Amino acid sequence: MMRTLLVRGMLAGLVAGLVAFVFARVFGEPALDGGIAFEEAMAHAAGEHDHGELVSRGVQASLGLGVAYVVYGIAVGGFVALAYAVARGRLGPLGARGTAVVVTLLGFVAAILVPLVKYPANPPASTEDDTIGSRTGLYLLFVLISVALAVAAVVLARRLAGRTGWWNAVLAATVGYLVVVLVVGSLLPAVAETPAEFPAAVLYDFRIAALGAHAVLWGVLAAVFGTLVGSRSSAPSGAADRAAVG
Amino acid sequence: MTQAAVPAPGAVPAPIPLREIAPWALFAGVVALVLLYLVGFDQGVTTLVPGEAIHEFVHDGRHLLGFPCH
């Protein structure tokens with residue numbers, strides 16, 4: 001059972017990574033090139049010379065980008081499969097497909113959307129090299145806090161559901177998660193180090209494309225993983241007489 | 001894991017016992033974390049694999065995936 005779920009999660013992640021790669025290649029690369037063009041203009045103005053590239057821009061923008069998205073997709077698919085294994089049959093009326101979609105979307109909101117609103121993706125040359133340590137630390141910290149709060153919200157909804165019903169329980173848990181994560185987000189220090197002369201359109205396009213590629217990746221993952229776990233051959237059902245959604 | 005003879009589509013599936021999930025979660029979780037680390041973080045703020053080949057190869061993906069990168 002666990003072996004099957006993990007294989008399906010990673011397979012769905014592989015497909016999701018490939019689709020997101022195509023999106024990133026088409027919509028992300030132009031903005032990324034804009035950042036590199038700014039970087040080179042700054043270096044040129046400072047009188048620096050190009051030193052030889054270890055990996056060519058062409059490889060970075062095609063094979064490298066594809067491998068990054070596919071490996072990321074497989075890893076995320078594995079995590080989603082594990083979370084689904086724990087959640088399955090434990091989220092009230094949700095069936096296999098409903099559980100797969102809810103778990104994946106919760107993962108997207110908690111691990112990607114909320115942290116990226118606070119600490120958005122940055123194109124080359126829009127941040128200071130020296131602050132990589134603090135930026136990495138803050139970003140990881142917020143991801144961990146947000147995911148932990150989302151897990152706590154799900155546990156809370158399960159506890160409340162017995163007394164208030166699932167609708168009210170999910171509403172209360174959602175509000176609870178949002179309020180706490182917004183308070184934490186407002187307390188964590190902001191990162192504002194984009195050079196004043198960095199082109200605003202490049203920064204905007206890059207951040208929207210990065211968020212869009214994540215939405216594509218997690219959306220395809222939810223669709224494919226939900227399809228795979230919802231297929232007839234993989235639906236060992238518990239109480240078939242219980243009302244189910246999905 | 002016992003399986004019901006007739007899978008009813010849309011029905012609430014049986015929970016998987018947590019002690020059956022635990023060893024898979026530990027192993028697969030560690031492997032997935034290593035993959036995320038190599039794609040997102042190695043040869044950046046910390047370095048386990050020497051050199052810059054990984055960083056340079058996945059450079060564009062690292063930026064677009066939102067990982068802090070130089």
# chains A, B, ... in the order shown; residues from 1 in each chain; ligands from 1
$ interface_residues --of "chain B" --to "chain A" --cutoff "7 Å" --atoms "only C-alpha atoms" --output "PyMOL selection string"
chain B and resi 3-4+7-16+18+21+25+28-29+32+35-36+39+45+53+56-61+63-70
$ write_last_selection --atoms "N, CA and C atoms" --output "tab-separated table (two decimals), in the first residue's frame"
chain	number	residue	atom	x	y	z
B	3	GLN	N	-7.58	-5.53	2.50
B	3	GLN	CA	-8.33	-4.76	1.53
B	3	GLN	C	-9.73	-5.33	1.38
B	4	ALA	N	-10.71	-4.42	1.33
B	4	ALA	CA	-12.09	-4.85	1.13
B	4	ALA	C	-12.23	-5.49	-0.25
B	7	PRO	N	-14.15	-2.62	-3.97
B	7	PRO	CA	-13.86	-1.21	-3.81
B	7	PRO	C	-15.03	-0.37	-4.33
B	8	ALA	N	-15.59	0.43	-3.45
B	8	ALA	CA	-16.69	1.29	-3.89
B	8	ALA	C	-16.12	2.67	-4.20
B	9	PRO	N	-16.22	3.11	-5.44
B	9	PRO	CA	-15.66	4.41	-5.80
B	9	PRO	C	-16.33	5.53	-5.01
B	10	GLY	N	-15.54	6.46	-4.50
B	10	GLY	CA	-16.12	7.59	-3.80
B	10	GLY	C	-16.34	7.35	-2.33
B	11	ALA	N	-16.16	6.10	-1.88
B	11	ALA	CA	-16.40	5.83	-0.46
B	11	ALA	C	-15.21	6.31	0.35
B	12	VAL	N	-15.44	6.52	1.66
B	12	VAL	CA	-14.35	6.91	2.53
B	12	VAL	C	-13.39	5.73	2.68
B	13	PRO	N	-12.11	5.91	2.30
B	13	PRO	CA	-11.18	4.79	2.37
B	13	PRO	C	-10.76	4.50	3.79
B	14	ALA	N	-10.31	3.27	4.04
B	14	ALA	CA	-9.87	2.89	5.38
B	14	ALA	C	-8.56	3.60	5.70
B	15	PRO	N	-8.43	4.13	6.94
B	15	PRO	CA	-7.16	4.77	7.31
B	15	PRO	C	-6.02	3.76	7.27
B	16	ILE	N	-4.82	4.21	6.93
B	16	ILE	CA	-3.64	3.36	6.97
B	16	ILE	C	-3.03	3.50	8.37
B	18	LEU	N	-0.77	4.22	11.41
B	18	LEU	CA	0.39	5.11	11.43
B	18	LEU	C	1.70	4.32	11.53
B	21	ILE	N	2.92	3.47	8.26
B	21	ILE	CA	3.44	4.60	7.48
B	21	ILE	C	4.83	5.00	7.94
B	25	ALA	N	7.74	6.85	5.84
B	25	ALA	CA	7.83	8.30	5.99
B	25	ALA	C	9.25	8.71	6.33
B	28	ALA	N	11.59	7.71	2.96
B	28	ALA	CA	11.25	8.53	1.79
B	28	ALA	C	11.37	10.01	2.13
B	29	GLY	N	11.01	10.38	3.37
B	29	GLY	CA	11.11	11.78	3.78
B	29	GLY	C	12.55	12.26	3.74
B	32	ALA	N	13.64	12.57	0.05
B	32	ALA	CA	13.04	13.74	-0.58
B	32	ALA	C	13.71	15.03	-0.07
B	35	LEU	N	16.94	15.50	-1.89
B	35	LEU	CA	16.70	16.01	-3.24
B	35	LEU	C	16.42	17.51	-3.22
B	36	LEU	N	15.53	17.94	-2.28
B	36	LEU	CA	15.21	19.37	-2.17
B	36	LEU	C	16.46	20.17	-1.83
B	39	VAL	N	18.68	20.54	-4.97
B	39	VAL	CA	18.12	21.47	-5.95
B	39	VAL	C	18.13	22.90	-5.40
B	45	VAL	N	24.25	28.81	0.49
B	45	VAL	CA	24.60	29.24	1.83
B	45	VAL	C	25.41	28.17	2.55
B	53	ALA	N	29.27	23.22	-9.59
B	53	ALA	CA	28.60	22.62	-10.76
B	53	ALA	C	27.09	22.50	-10.54
B	56	GLU	N	25.40	25.98	-10.51
B	56	GLU	CA	25.33	26.57	-11.84
B	56	GLU	C	24.33	25.83	-12.73
B	57	PHE	N	24.29	24.50	-12.60
B	57	PHE	CA	23.40	23.70	-13.46
B	57	PHE	C	21.93	23.98	-13.16
B	58	VAL	N	21.55	24.01	-11.89
B	58	VAL	CA	20.15	24.22	-11.54
B	58	VAL	C	19.85	25.70	-11.27
B	59	HIS	N	20.80	26.59	-11.63
B	59	HIS	CA	20.70	28.01	-11.30
B	59	HIS	C	19.33	28.62	-11.62
B	60	ASP	N	18.85	28.44	-12.85
B	60	ASP	CA	17.59	29.07	-13.27
B	60	ASP	C	16.42	28.51	-12.48
B	61	GLY	N	16.42	27.19	-12.29
B	61	GLY	CA	15.34	26.55	-11.53
B	61	GLY	C	15.33	27.03	-10.09
B	63	HIS	N	16.29	29.93	-8.91
B	63	HIS	CA	15.68	31.28	-8.87
B	63	HIS	C	14.17	31.21	-9.02
B	64	LEU	N	13.71	30.46	-10.03
B	64	LEU	CA	12.28	30.46	-10.35
B	64	LEU	C	11.46	29.68	-9.32
B	65	LEU	N	12.08	28.71	-8.65
B	65	LEU	CA	11.36	27.96	-7.61
B	65	LEU	C	11.26	28.77	-6.33
B	66	GLY	N	11.95	29.91	-6.27
B	66	GLY	CA	11.81	30.80	-5.12
B	66	GLY	C	12.82	30.56	-4.02
B	67	PHE	N	13.81	29.67	-4.25
B	67	PHE	CA	14.84	29.46	-3.24
B	67	PHE	C	15.77	30.67	-3.22
B	68	PRO	N	16.15	31.16	-2.05
B	68	PRO	CA	17.14	32.23	-2.00
B	68	PRO	C	18.44	31.78	-2.67
B	69	CYS	N	18.95	32.60	-3.58
B	69	CYS	CA	20.08	32.17	-4.43
B	69	CYS	C	20.94	33.39	-4.70
B	70	HIS	N	22.16	33.38	-4.30
B	70	HIS	CA	23.12	34.49	-4.40
B	70	HIS	C	22.53	35.90	-4.51
$ residues_around --residues "Ala173 (chain A)" --least-positions-apart "4" --cutoff "7 Å" --atoms "only C-alpha atoms" --output "list in words"
Ala153, Val154, Leu156, Ala157, Ala169 and Tyr177 of chain A
$ residues_around --residues "Gly185 (chain A)" --least-positions-apart "3" --cutoff "10 Å" --atoms "only C-alpha atoms" --output "ChimeraX atom specification"
/A:114-115,117-119,142,145-146,179-182,188-190
$ write_last_selection --atoms "N, CA and C atoms" --output "CSV table (one decimal), in the first residue's frame"
chain,number,residue,atom,x,y,z
A,114,VAL,N,1.9,31.2,0.9
A,114,VAL,CA,2.1,32.1,2.1
A,114,VAL,C,3.6,32.5,2.2
A,115,PRO,N,4.5,31.6,2.2
A,115,PRO,CA,5.9,32.0,2.3
A,115,PRO,C,6.4,32.9,1.2
A,117,VAL,N,4.6,35.0,-0.5
A,117,VAL,CA,4.0,36.4,-0.4
A,117,VAL,C,4.9,37.2,0.5
A,118,LYS,N,5.4,36.6,1.5
A,118,LYS,CA,6.3,37.4,2.4
A,118,LYS,C,7.7,37.5,1.8
A,119,TYR,N,8.3,36.4,1.4
A,119,TYR,CA,9.6,36.4,0.8
A,119,TYR,C,9.6,35.9,-0.7
A,142,PHE,N,10.0,30.6,7.9
A,142,PHE,CA,8.6,30.9,7.7
A,142,PHE,C,7.9,29.7,7.0
A,145,ILE,N,7.2,27.2,9.9
A,145,ILE,CA,6.2,27.7,10.8
A,145,ILE,C,4.8,27.6,10.1
A,146,SER,N,4.7,28.0,8.8
A,146,SER,CA,3.5,27.9,8.1
A,146,SER,C,3.0,26.5,7.9
A,179,VAL,N,-5.0,33.9,10.7
A,179,VAL,CA,-4.7,35.0,11.7
A,179,VAL,C,-3.3,34.8,12.3
A,180,VAL,N,-3.0,33.5,12.7
A,180,VAL,CA,-1.7,33.3,13.3
A,180,VAL,C,-0.5,33.5,12.3
A,181,VAL,N,-0.7,32.9,11.1
A,181,VAL,CA,0.4,33.0,10.1
A,181,VAL,C,0.6,34.5,9.7
A,182,LEU,N,-0.5,35.3,9.6
A,182,LEU,CA,-0.3,36.7,9.3
A,182,LEU,C,0.4,37.4,10.4
A,188,LEU,N,8.1,38.8,11.4
A,188,LEU,CA,9.4,38.5,10.8
A,188,LEU,C,9.9,39.6,10.0
A,189,PRO,N,11.2,39.9,10.0
A,189,PRO,CA,11.8,41.0,9.3
A,189,PRO,C,11.6,40.9,7.8
A,190,ALA,N,11.4,42.0,7.2
A,190,ALA,CA,11.3,42.1,5.7
A,190,ALA,C,12.6,42.1,5.0
$ closest_residue --among "A:Thr104, A:Asp205, A:Leu5, A:Gly34" --to "Leu217 (chain A)" --atoms "only C-alpha atoms"
A:Thr104
$ closest_residue --among "A:Trp167, A:Phe225, A:Phe198, A:Trp218" --to "Val109 (chain A)" --atoms "only C-alpha atoms"
A:Trp218
$ closest_residue --among "A:Gly9, A:Pro30, A:Ala150, A:Glu48" --to "Tyr204 (chain A)" --atoms "only C-alpha atoms"
A:Pro30
